[in-house]
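Have a look at input-v4.cif below; it lists mmCIF, C-alpha atoms.
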```cif
data_my_file
#
loop_
_atom_site.label_atom_id
_atom_site.label_comp_id
_atom_site.auth_asym_id
_atom_site.auth_seq_id
_atom_site.Cartn_x
_atom_site.Cartn_y
_atom_site.Cartn_z
CA MET A 28 -15.46 -100.08 -123.93
CA SER A 29 -15.57 -96.59 -122.48
CA LEU A 30 -16.13 -96.17 -118.77
CA PHE A 31 -18.74 -93.57 -119.61
CA SER A 32 -20.73 -95.62 -122.09
CA ASP A 33 -23.38 -96.67 -119.61
CA THR A 34 -26.18 -94.15 -119.38
CA VAL A 35 -28.11 -93.36 -116.23
CA PRO A 36 -31.80 -94.08 -116.73
CA VAL A 37 -33.98 -91.00 -116.56
CA THR A 38 -37.06 -91.36 -114.42
CA THR A 39 -40.15 -89.21 -114.61
CA PRO A 40 -41.84 -87.71 -111.54
CA LEU A 41 -44.64 -90.29 -111.86
CA GLU A 42 -42.11 -93.13 -111.82
CA ARG A 43 -40.43 -91.67 -108.75
CA LEU A 44 -43.79 -91.59 -106.97
CA LYS A 45 -44.37 -95.23 -107.88
CA ASN A 46 -40.95 -96.14 -106.52
CA LEU A 47 -41.89 -94.45 -103.24
CA ASN A 48 -45.24 -96.29 -103.21
CA ILE A 49 -47.10 -92.98 -103.15
CA PRO A 50 -50.18 -92.91 -105.43
CA VAL A 51 -50.57 -89.89 -107.68
CA THR A 52 -53.84 -88.93 -105.99
CA VAL A 53 -52.09 -88.89 -102.60
CA ALA A 54 -49.27 -86.71 -103.97
CA LEU A 55 -51.84 -84.29 -105.40
CA SER A 56 -53.64 -84.27 -102.05
CA PHE A 57 -50.41 -83.38 -100.25
CA LEU A 58 -49.87 -80.61 -102.79
CA VAL A 59 -53.36 -79.19 -102.12
CA ILE A 60 -52.84 -79.26 -98.35
CA ALA A 61 -49.41 -77.64 -98.77
CA ILE A 62 -50.94 -74.81 -100.82
CA VAL A 63 -53.71 -74.31 -98.27
CA ILE A 64 -51.18 -74.16 -95.42
CA ALA A 65 -49.06 -71.69 -97.40
CA TRP A 66 -52.14 -69.53 -97.94
CA SER A 67 -52.82 -69.51 -94.22
CA VAL A 68 -49.22 -68.68 -93.26
CA ALA A 69 -48.38 -66.00 -95.85
CA PRO A 70 -51.47 -64.96 -97.83
CA GLN A 71 -49.81 -61.74 -99.01
CA LEU A 72 -47.43 -63.78 -101.16
CA PHE A 73 -50.29 -65.17 -103.26
CA THR A 74 -52.37 -62.06 -103.95
CA SER A 75 -51.87 -58.32 -104.22
CA HIS A 76 -55.53 -57.39 -103.71
CA SER A 77 -57.05 -56.38 -100.39
CA PRO A 78 -59.57 -58.84 -98.90
CA ILE A 79 -61.47 -56.00 -97.21
CA ASN A 80 -61.29 -52.92 -99.43
CA GLY A 81 -62.98 -53.17 -102.79
CA VAL A 82 -63.39 -51.05 -105.89
CA PRO A 83 -67.12 -50.30 -106.43
CA ALA A 84 -66.57 -49.83 -110.16
CA ASN A 85 -65.35 -53.45 -110.36
CA LYS A 86 -68.23 -55.11 -108.53
CA LEU A 87 -69.59 -58.46 -109.68
CA LEU A 88 -66.97 -59.01 -112.37
CA ALA A 89 -66.66 -62.52 -113.81
CA PRO A 90 -63.49 -64.56 -113.25
CA SER A 91 -60.59 -63.28 -115.34
CA LEU A 92 -56.78 -63.17 -115.39
CA GLU A 93 -56.86 -60.14 -113.07
CA HIS A 94 -59.53 -61.54 -110.74
CA TRP A 95 -59.21 -65.34 -110.77
CA PHE A 96 -62.42 -65.94 -108.81
CA GLY A 97 -64.20 -62.76 -109.91
CA THR A 98 -65.31 -59.95 -107.62
CA ASP A 99 -68.16 -59.62 -105.14
CA HIS A 100 -70.95 -57.05 -104.74
CA LEU A 101 -68.53 -54.56 -103.14
CA GLY A 102 -65.84 -54.94 -105.79
CA ARG A 103 -63.56 -57.06 -103.60
CA ASP A 104 -61.42 -59.75 -105.20
CA VAL A 105 -62.96 -63.12 -104.26
CA TYR A 106 -59.69 -64.99 -104.68
CA SER A 107 -58.02 -62.67 -102.16
CA ARG A 108 -60.85 -63.16 -99.71
CA VAL A 109 -60.59 -66.95 -100.07
CA VAL A 110 -56.81 -66.84 -99.55
CA TYR A 111 -56.98 -64.58 -96.51
CA GLY A 112 -59.86 -66.61 -95.09
CA THR A 113 -57.73 -69.75 -95.16
CA ALA A 114 -55.86 -68.82 -91.97
CA SER A 115 -59.07 -68.75 -89.96
CA SER A 116 -60.38 -71.99 -91.45
CA VAL A 117 -57.11 -73.93 -91.07
CA SER A 118 -56.23 -72.67 -87.59
CA SER A 119 -59.76 -73.36 -86.36
CA ALA A 120 -59.62 -76.88 -87.77
CA LEU A 121 -56.27 -77.47 -86.07
CA VAL A 122 -57.68 -76.26 -82.74
CA ALA A 123 -60.60 -78.67 -83.13
CA VAL A 124 -58.24 -81.57 -83.90
CA VAL A 125 -56.00 -80.80 -80.92
CA ILE A 126 -59.00 -80.71 -78.59
CA GLY A 127 -60.29 -84.00 -79.92
CA VAL A 128 -56.89 -85.73 -79.84
CA VAL A 129 -55.84 -84.53 -76.37
CA ILE A 130 -59.11 -84.95 -74.48
CA GLY A 131 -60.38 -87.95 -76.42
CA GLY A 132 -56.98 -89.63 -76.36
CA LEU A 133 -56.66 -89.09 -72.60
CA ILE A 134 -60.12 -90.55 -71.98
CA GLY A 135 -59.35 -93.57 -74.16
CA LEU A 136 -55.96 -94.05 -72.51
CA LEU A 137 -57.37 -94.03 -68.97
CA ALA A 138 -60.35 -96.21 -69.85
CA GLY A 139 -58.33 -98.79 -71.77
CA PHE A 140 -55.34 -98.98 -69.45
CA PHE A 141 -57.05 -99.06 -66.05
CA GLY A 142 -60.34 -100.75 -67.00
CA GLY A 143 -62.86 -101.53 -64.26
CA TRP A 144 -65.01 -98.69 -62.97
CA VAL A 145 -62.82 -96.13 -64.79
CA ASP A 146 -63.68 -97.77 -68.09
CA VAL A 147 -67.37 -97.94 -67.20
CA VAL A 148 -67.59 -94.25 -66.25
CA PHE A 149 -65.79 -93.01 -69.36
CA ALA A 150 -67.72 -95.45 -71.57
CA ARG A 151 -71.02 -93.97 -70.41
CA PHE A 152 -69.70 -90.45 -71.04
CA VAL A 153 -68.62 -91.39 -74.55
CA ASP A 154 -71.99 -93.05 -75.20
CA VAL A 155 -73.75 -89.80 -74.28
CA LEU A 156 -71.56 -87.84 -76.72
CA LEU A 157 -72.13 -90.40 -79.47
CA SER A 158 -75.90 -90.26 -78.97
CA ILE A 159 -75.91 -86.61 -80.08
CA PRO A 160 -75.22 -85.88 -83.78
CA LYS A 161 -71.85 -84.17 -84.16
CA PHE A 162 -73.11 -81.10 -85.97
CA LEU A 163 -76.00 -80.64 -83.54
CA LEU A 164 -73.60 -80.91 -80.60
CA ALA A 165 -71.32 -78.33 -82.23
CA VAL A 166 -74.28 -75.95 -82.70
CA ILE A 167 -75.33 -76.41 -79.05
CA VAL A 168 -71.81 -75.70 -77.77
CA VAL A 169 -71.16 -72.66 -79.97
CA THR A 170 -74.57 -71.25 -79.05
CA ALA A 171 -73.67 -71.59 -75.38
CA ILE A 172 -70.19 -70.02 -75.54
CA GLY A 173 -70.64 -67.38 -78.25
CA PHE A 174 -70.68 -66.80 -82.00
CA GLU A 175 -67.00 -66.64 -82.95
CA THR A 176 -64.81 -68.77 -85.18
CA ILE A 177 -62.60 -69.88 -82.27
CA ASN A 178 -65.73 -70.94 -80.38
CA ALA A 179 -66.86 -72.85 -83.45
CA ALA A 180 -63.49 -74.62 -83.40
CA ILE A 181 -63.91 -75.50 -79.72
CA ALA A 182 -67.41 -76.78 -80.38
CA THR A 183 -66.18 -78.90 -83.28
CA GLY A 184 -63.38 -80.30 -81.16
CA ILE A 185 -65.77 -81.24 -78.36
CA SER A 186 -68.01 -83.02 -80.84
CA ALA A 187 -65.02 -85.13 -81.98
CA ILE A 188 -63.88 -86.24 -78.51
CA ALA A 189 -65.98 -89.42 -78.49
CA PHE A 190 -64.51 -90.73 -81.75
CA PHE A 191 -60.92 -90.22 -80.64
CA ALA A 192 -61.73 -91.76 -77.26
CA ARG A 193 -63.12 -94.95 -78.82
CA VAL A 194 -60.18 -95.41 -81.16
CA ALA A 195 -57.66 -94.69 -78.39
CA ARG A 196 -59.38 -97.08 -75.98
CA ALA A 197 -59.40 -99.91 -78.51
CA GLU A 198 -55.71 -99.43 -79.34
CA VAL A 199 -54.71 -99.17 -75.67
CA ILE A 200 -56.55 -102.37 -74.79
CA LYS A 201 -54.88 -104.20 -77.69
CA THR A 202 -51.46 -102.90 -76.68
CA ARG A 203 -52.10 -103.53 -72.99
CA GLN A 204 -52.65 -107.22 -73.71
CA ALA A 205 -49.51 -107.57 -75.85
CA THR A 206 -46.75 -109.92 -74.70
CA PHE A 207 -44.06 -107.25 -74.55
CA VAL A 208 -46.19 -105.12 -72.21
CA GLU A 209 -46.78 -108.07 -69.87
CA ALA A 210 -43.05 -108.78 -69.95
CA SER A 211 -42.34 -105.16 -69.02
CA PHE A 212 -44.68 -105.53 -66.04
CA LEU A 213 -42.89 -108.71 -64.92
CA LEU A 214 -39.52 -106.96 -65.19
CA GLY A 215 -40.71 -104.34 -62.73
CA GLY A 216 -41.70 -101.53 -65.08
CA SER A 217 -43.94 -98.91 -63.52
CA ARG A 218 -47.31 -97.99 -65.00
CA GLY A 219 -46.05 -94.58 -66.02
CA PHE A 220 -43.03 -96.07 -67.80
CA ILE A 221 -45.16 -98.64 -69.62
CA VAL A 222 -47.67 -96.00 -70.73
CA LEU A 223 -44.99 -93.65 -72.07
CA ARG A 224 -42.68 -96.32 -73.47
CA HIS A 225 -45.10 -98.85 -74.95
CA VAL A 226 -48.76 -97.87 -74.87
CA LEU A 227 -48.70 -94.31 -76.22
CA PRO A 228 -46.34 -94.94 -79.18
CA ASN A 229 -48.37 -97.93 -80.35
CA ALA A 230 -51.78 -96.34 -79.78
CA SER A 231 -50.80 -93.12 -81.56
CA ARG A 232 -50.28 -94.93 -84.86
CA SER A 233 -54.02 -95.31 -85.34
CA MET A 234 -54.71 -91.80 -84.07
CA LEU A 235 -52.77 -90.09 -86.88
CA PRO A 236 -55.07 -91.14 -89.77
CA LEU A 237 -58.09 -90.22 -87.65
CA ALA A 238 -56.57 -86.82 -86.83
CA VAL A 239 -56.00 -86.08 -90.53
CA LEU A 240 -59.55 -87.19 -91.31
CA GLN A 241 -60.87 -85.01 -88.49
CA PHE A 242 -58.90 -82.05 -89.86
CA GLY A 243 -60.84 -82.21 -93.10
CA GLU A 244 -64.13 -82.83 -91.34
CA SER A 245 -63.47 -79.92 -88.95
CA ILE A 246 -62.98 -77.57 -91.91
CA LEU A 247 -66.35 -78.69 -93.24
CA VAL A 248 -68.14 -78.36 -89.88
CA ILE A 249 -66.61 -74.94 -89.14
CA ALA A 250 -67.54 -73.75 -92.62
CA SER A 251 -71.09 -74.98 -92.04
CA LEU A 252 -71.27 -73.14 -88.72
CA ALA A 253 -69.97 -69.98 -90.38
CA PHE A 254 -72.55 -70.41 -93.15
CA LEU A 255 -75.28 -70.40 -90.50
CA GLY A 256 -73.84 -67.29 -88.84
CA TYR A 257 -72.08 -68.97 -85.90
CA GLY A 258 -68.62 -67.68 -86.85
CA ASP A 259 -66.93 -64.30 -87.10
CA PRO A 260 -69.12 -61.61 -88.71
CA PRO A 261 -68.21 -59.69 -91.89
CA PRO A 262 -65.80 -58.37 -93.09
CA SER A 263 -64.05 -61.61 -92.11
CA SER A 264 -63.69 -64.05 -94.98
CA ASP A 265 -64.18 -67.51 -93.52
CA TRP A 266 -64.97 -69.94 -96.30
CA GLY A 267 -68.42 -70.73 -94.95
CA LEU A 268 -69.24 -67.04 -94.58
CA LEU A 269 -68.19 -66.38 -98.19
CA ILE A 270 -70.58 -69.11 -99.37
CA SER A 271 -73.34 -67.66 -97.18
CA ILE A 272 -72.86 -64.18 -98.64
CA GLY A 273 -72.61 -65.53 -102.18
CA LYS A 274 -75.92 -67.38 -101.97
CA ASP A 275 -77.71 -64.00 -102.05
CA TYR A 276 -76.20 -63.32 -105.49
CA LEU A 277 -76.96 -66.49 -107.42
CA LYS A 278 -76.97 -64.60 -110.72
CA TRP A 279 -73.19 -64.44 -110.20
CA PRO A 280 -72.48 -68.08 -109.28
CA TRP A 281 -68.70 -67.71 -108.87
CA LEU A 282 -69.41 -66.06 -105.50
CA VAL A 283 -70.57 -69.47 -104.25
CA TYR A 284 -68.67 -71.87 -106.48
CA ALA A 285 -65.17 -70.50 -105.80
CA PRO A 286 -65.10 -70.80 -101.96
CA ALA A 287 -67.20 -73.97 -102.09
CA LEU A 288 -64.81 -75.62 -104.55
CA VAL A 289 -61.78 -74.71 -102.41
CA THR A 290 -63.49 -76.14 -99.33
CA ILE A 291 -64.49 -79.36 -101.08
CA VAL A 292 -61.06 -79.96 -102.64
CA THR A 293 -59.34 -79.36 -99.28
CA VAL A 294 -61.64 -81.73 -97.41
CA LEU A 295 -61.35 -84.44 -100.08
CA SER A 296 -57.56 -84.10 -100.04
CA ALA A 297 -57.44 -84.57 -96.28
CA ASN A 298 -59.71 -87.61 -96.58
CA ARG A 299 -57.49 -89.15 -99.28
CA ILE A 300 -54.35 -88.68 -97.17
CA SER A 301 -56.13 -90.21 -94.18
CA ARG A 302 -57.09 -93.32 -96.16
CA TRP A 303 -53.52 -93.68 -97.43
CA LEU A 304 -52.09 -93.35 -93.91
CA ARG A 305 -54.54 -95.94 -92.60
CA LYS A 306 -53.60 -98.44 -95.31
CA SER A 307 -49.86 -97.82 -94.92
CA HIS A 308 -50.09 -98.49 -91.18
#
```
Encoded form (structure tokens):
Amino acid sequence: MSLFSDTVPVTTPLERLKNLNIPVTVALSFLVIAIVIAWSVAPQLFTSHSPINGVPANKLLAPSLEHWFGTDHLGRDVYSRVVYGTASSVSSALVAVVIGVVIGGLIGLLAGFFGGWVDVVFARFVDVLLSIPKFLLAVIVVTAIGFETINAAIATGISAIAFFARVARAEVIKTRQATFVEASFLLGGSRGFIVLRHVLPNASRSMLPLAVLQFGESILVIASLAFLGYGDPPPSSDWGLLISIGKDYLKWPWLVYAPALVTIVTVLSANRISRWLRKSH
């Protein structure tokens, strides 16, 4: 028998995903998020049209091979405006997530680890935040600090603090009562060492799925604020602003459908990844 008679089995991409225990929908979701991030980092690689300067003779053209999402009332390529608007939407969502994770996580860490009056004070603060609807709280904050996209991101992040604080507190309390943490105390470990070595690594596992979920939700909230006029003014191309402008031209529905579809697919992809992370943990 020849040494080379045995053939190596050929596996398809779908089979490789199954071997890695990654569902196809999760892989597609990662692909969508990767494309969105690439748009935000290097939009010029994905379109040759200007997002600001249009050609009046080409206004309100239907989607075609030259203009994938059609053109708007000023002859600007809608696909280019969506691509260039991604940077603002993604960066704003990341700012909101960082604010929620850092401040909410710190509140949950202090409340869960120290307990007592510290827990009571922070619990009342979180209850106040939870009593106000998230979108209403975001509108109140952005109205107070100014109508800009970065302010909308800050407002969205503040509205998410309570949710991160509750999750962090629950995880810290569970970790704080674990046997290995009590053993570390008995062996003379300081509070700072125990927090950094044991509490934070274990508590952060549940924070990651929530952070991914909040990323998608922040995109939706920031787009909603931009739709209402609480973001950067034209000629910026935030996704919510594009939908707001397009609603005045409903005879040409691609002006609304294109940015809305991109927003929905991005948010749903983030939600799917979050569910997968939560189950895998």
Nearest residue to Trp303 in chain A from the set A:Gly127, A:Phe152, A:Val239, A:Leu247 (distances using all atoms listed in the file) | A:Val239
From (-71.7, -72.3, -97.4), in the file's coordinates, out to 6 Å: which residues are reached, counting all atoms listed in the file? Answer as a CSV table (one decimal) with C-alpha atoms, keeping the file's coordinate frame.
```
chain,number,residue,atom,x,y,z
A,254,PHE,CA,-72.6,-70.4,-93.2
A,267,GLY,CA,-68.4,-70.7,-95.0
A,270,ILE,CA,-70.6,-69.1,-99.4
A,271,SER,CA,-73.3,-67.7,-97.2
```
Selection result for the PyMOL selection byres ((chain A and resi 57) around 12) on this file, as a ChimeraX atom specification = /A:49-56,58-64,239,292-301,303-304
Please, which residues in range 93-148 of chain A fall within 9 Å of range 276-282 of chain A when counting only C-alpha atoms, and what is the closest atom pair and distance in Å to one decimal for each, ordered by chain then residue number, as a Markdown table?
```
| residue | atom | partner | partner_atom | distance |
| --- | --- | --- | --- | --- |
| A:Phe96 | CA | A:Trp281 | CA | 6.5 |
| A:Gly97 | CA | A:Trp281 | CA | 6.8 |
| A:Thr98 | CA | A:Leu282 | CA | 7.7 |
| A:Asp99 | CA | A:Leu282 | CA | 6.6 |
| A:His100 | CA | A:Tyr276 | CA | 8.2 |
| A:Val105 | CA | A:Leu282 | CA | 7.2 |
```
Hey, can you spit out that residue selection with C-alpha atoms as a PDB file, in the frame of the given file?
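So the final result, stored in out29.pdb, reads:
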```pdb
ATOM      1  CA  PHE A  96     -62.420 -65.940-108.810  1.00  0.00           C
ATOM      2  CA  GLY A  97     -64.200 -62.760-109.910  1.00  0.00           C
ATOM      3  CA  THR A  98     -65.310 -59.950-107.620  1.00  0.00           C
ATOM      4  CA  ASP A  99     -68.160 -59.620-105.140  1.00  0.00           C
ATOM      5  CA  HIS A 100     -70.950 -57.050-104.740  1.00  0.00           C
ATOM      6  CA  VAL A 105     -62.960 -63.120-104.260  1.00  0.00           C
TER       7      VAL A 105
END
```
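If only C-alpha atoms are the atoms counted, then among A:Ile167, A:Leu237, A:Arg305, A:Tyr106 the closest residue to Leu288 in chain A is A:Tyr106.
With only C-alpha atoms as the atoms that count, the residue of A:Ala84, A:Leu101, A:Met234, A:Ala182 with the shortest distance to Leu136 in chain A is A:Met234.
Of the listed residues A:Val117, A:Gly258, A:Trp144, A:Glu244, the one whose atoms come nearest to Ile172 in chain A is A:Gly258, with distances taken using only C-alpha atoms.
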How big is the axis-aligned box around all listed atoms of range 133-140 of chain A once 5 Å goes on each side, and where's its centre, in Å to one decimal, as AutoDock Vina command-line options?
```
--center_x -57.8 --center_y -94.0 --center_z -71.6 --size_x 15.0 --size_y 19.9 --size_z 15.2
```
Ala114 in chain A proximity check over A:Ala69, A:Ala189, A:Val289, A:Ile181, using only C-alpha atoms: winner is A:Ala69
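The residue that comes closest to Leu121 in chain A, out of A:Gly243, A:Pro70, A:Gly273, A:Pro160 and on the basis of all atoms listed in the file, is A:Gly243.
Taking all atoms listed in the file, the non-local environment of Val147 in chain A within 12 Å (same-chain residues fewer than 4 positions away omitted) comprises Ile134, Gly135, Leu137, Ala138, Gly139, Phe141, Gly142, Gly143, Arg151, Phe152, Val153, Asp154 and Arg196 of chain A.
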Write a file of the selected residues as an mmCIF file, in the frame of the given file, keeping C-alpha atoms.
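And here is the file that came out, selection.cif:
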```
data_model
loop_
_atom_site.group_PDB
_atom_site.id
_atom_site.type_symbol
_atom_site.label_atom_id
_atom_site.label_comp_id
_atom_site.auth_asym_id
_atom_site.auth_seq_id
_atom_site.Cartn_x
_atom_site.Cartn_y
_atom_site.Cartn_z
ATOM 1 C CA ILE A 134 -60.120 -90.550 -71.980
ATOM 2 C CA GLY A 135 -59.350 -93.570 -74.160
ATOM 3 C CA LEU A 137 -57.370 -94.030 -68.970
ATOM 4 C CA ALA A 138 -60.350 -96.210 -69.850
ATOM 5 C CA GLY A 139 -58.330 -98.790 -71.770
ATOM 6 C CA PHE A 141 -57.050 -99.060 -66.050
ATOM 7 C CA GLY A 142 -60.340 -100.750 -67.000
ATOM 8 C CA GLY A 143 -62.860 -101.530 -64.260
ATOM 9 C CA ARG A 151 -71.020 -93.970 -70.410
ATOM 10 C CA PHE A 152 -69.700 -90.450 -71.040
ATOM 11 C CA VAL A 153 -68.620 -91.390 -74.550
ATOM 12 C CA ASP A 154 -71.990 -93.050 -75.200
ATOM 13 C CA ARG A 196 -59.380 -97.080 -75.980
#
```
Contacts of Pro286 in chain A at 7 Å or less, counting all atoms listed in the file, minus same-chain residues fewer than 5 places along, as an MDAnalysis selection string?
-> chainID A and resid 109 266 269:270
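You will find CA of Pro228 in chain A at 10.4 Å from CA of Glu198 in chain A.
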To one decimal in Å, tell me the separation between CA of Thr202 in chain A and CA of Leu235 in chain A.
-> 16.4 Å
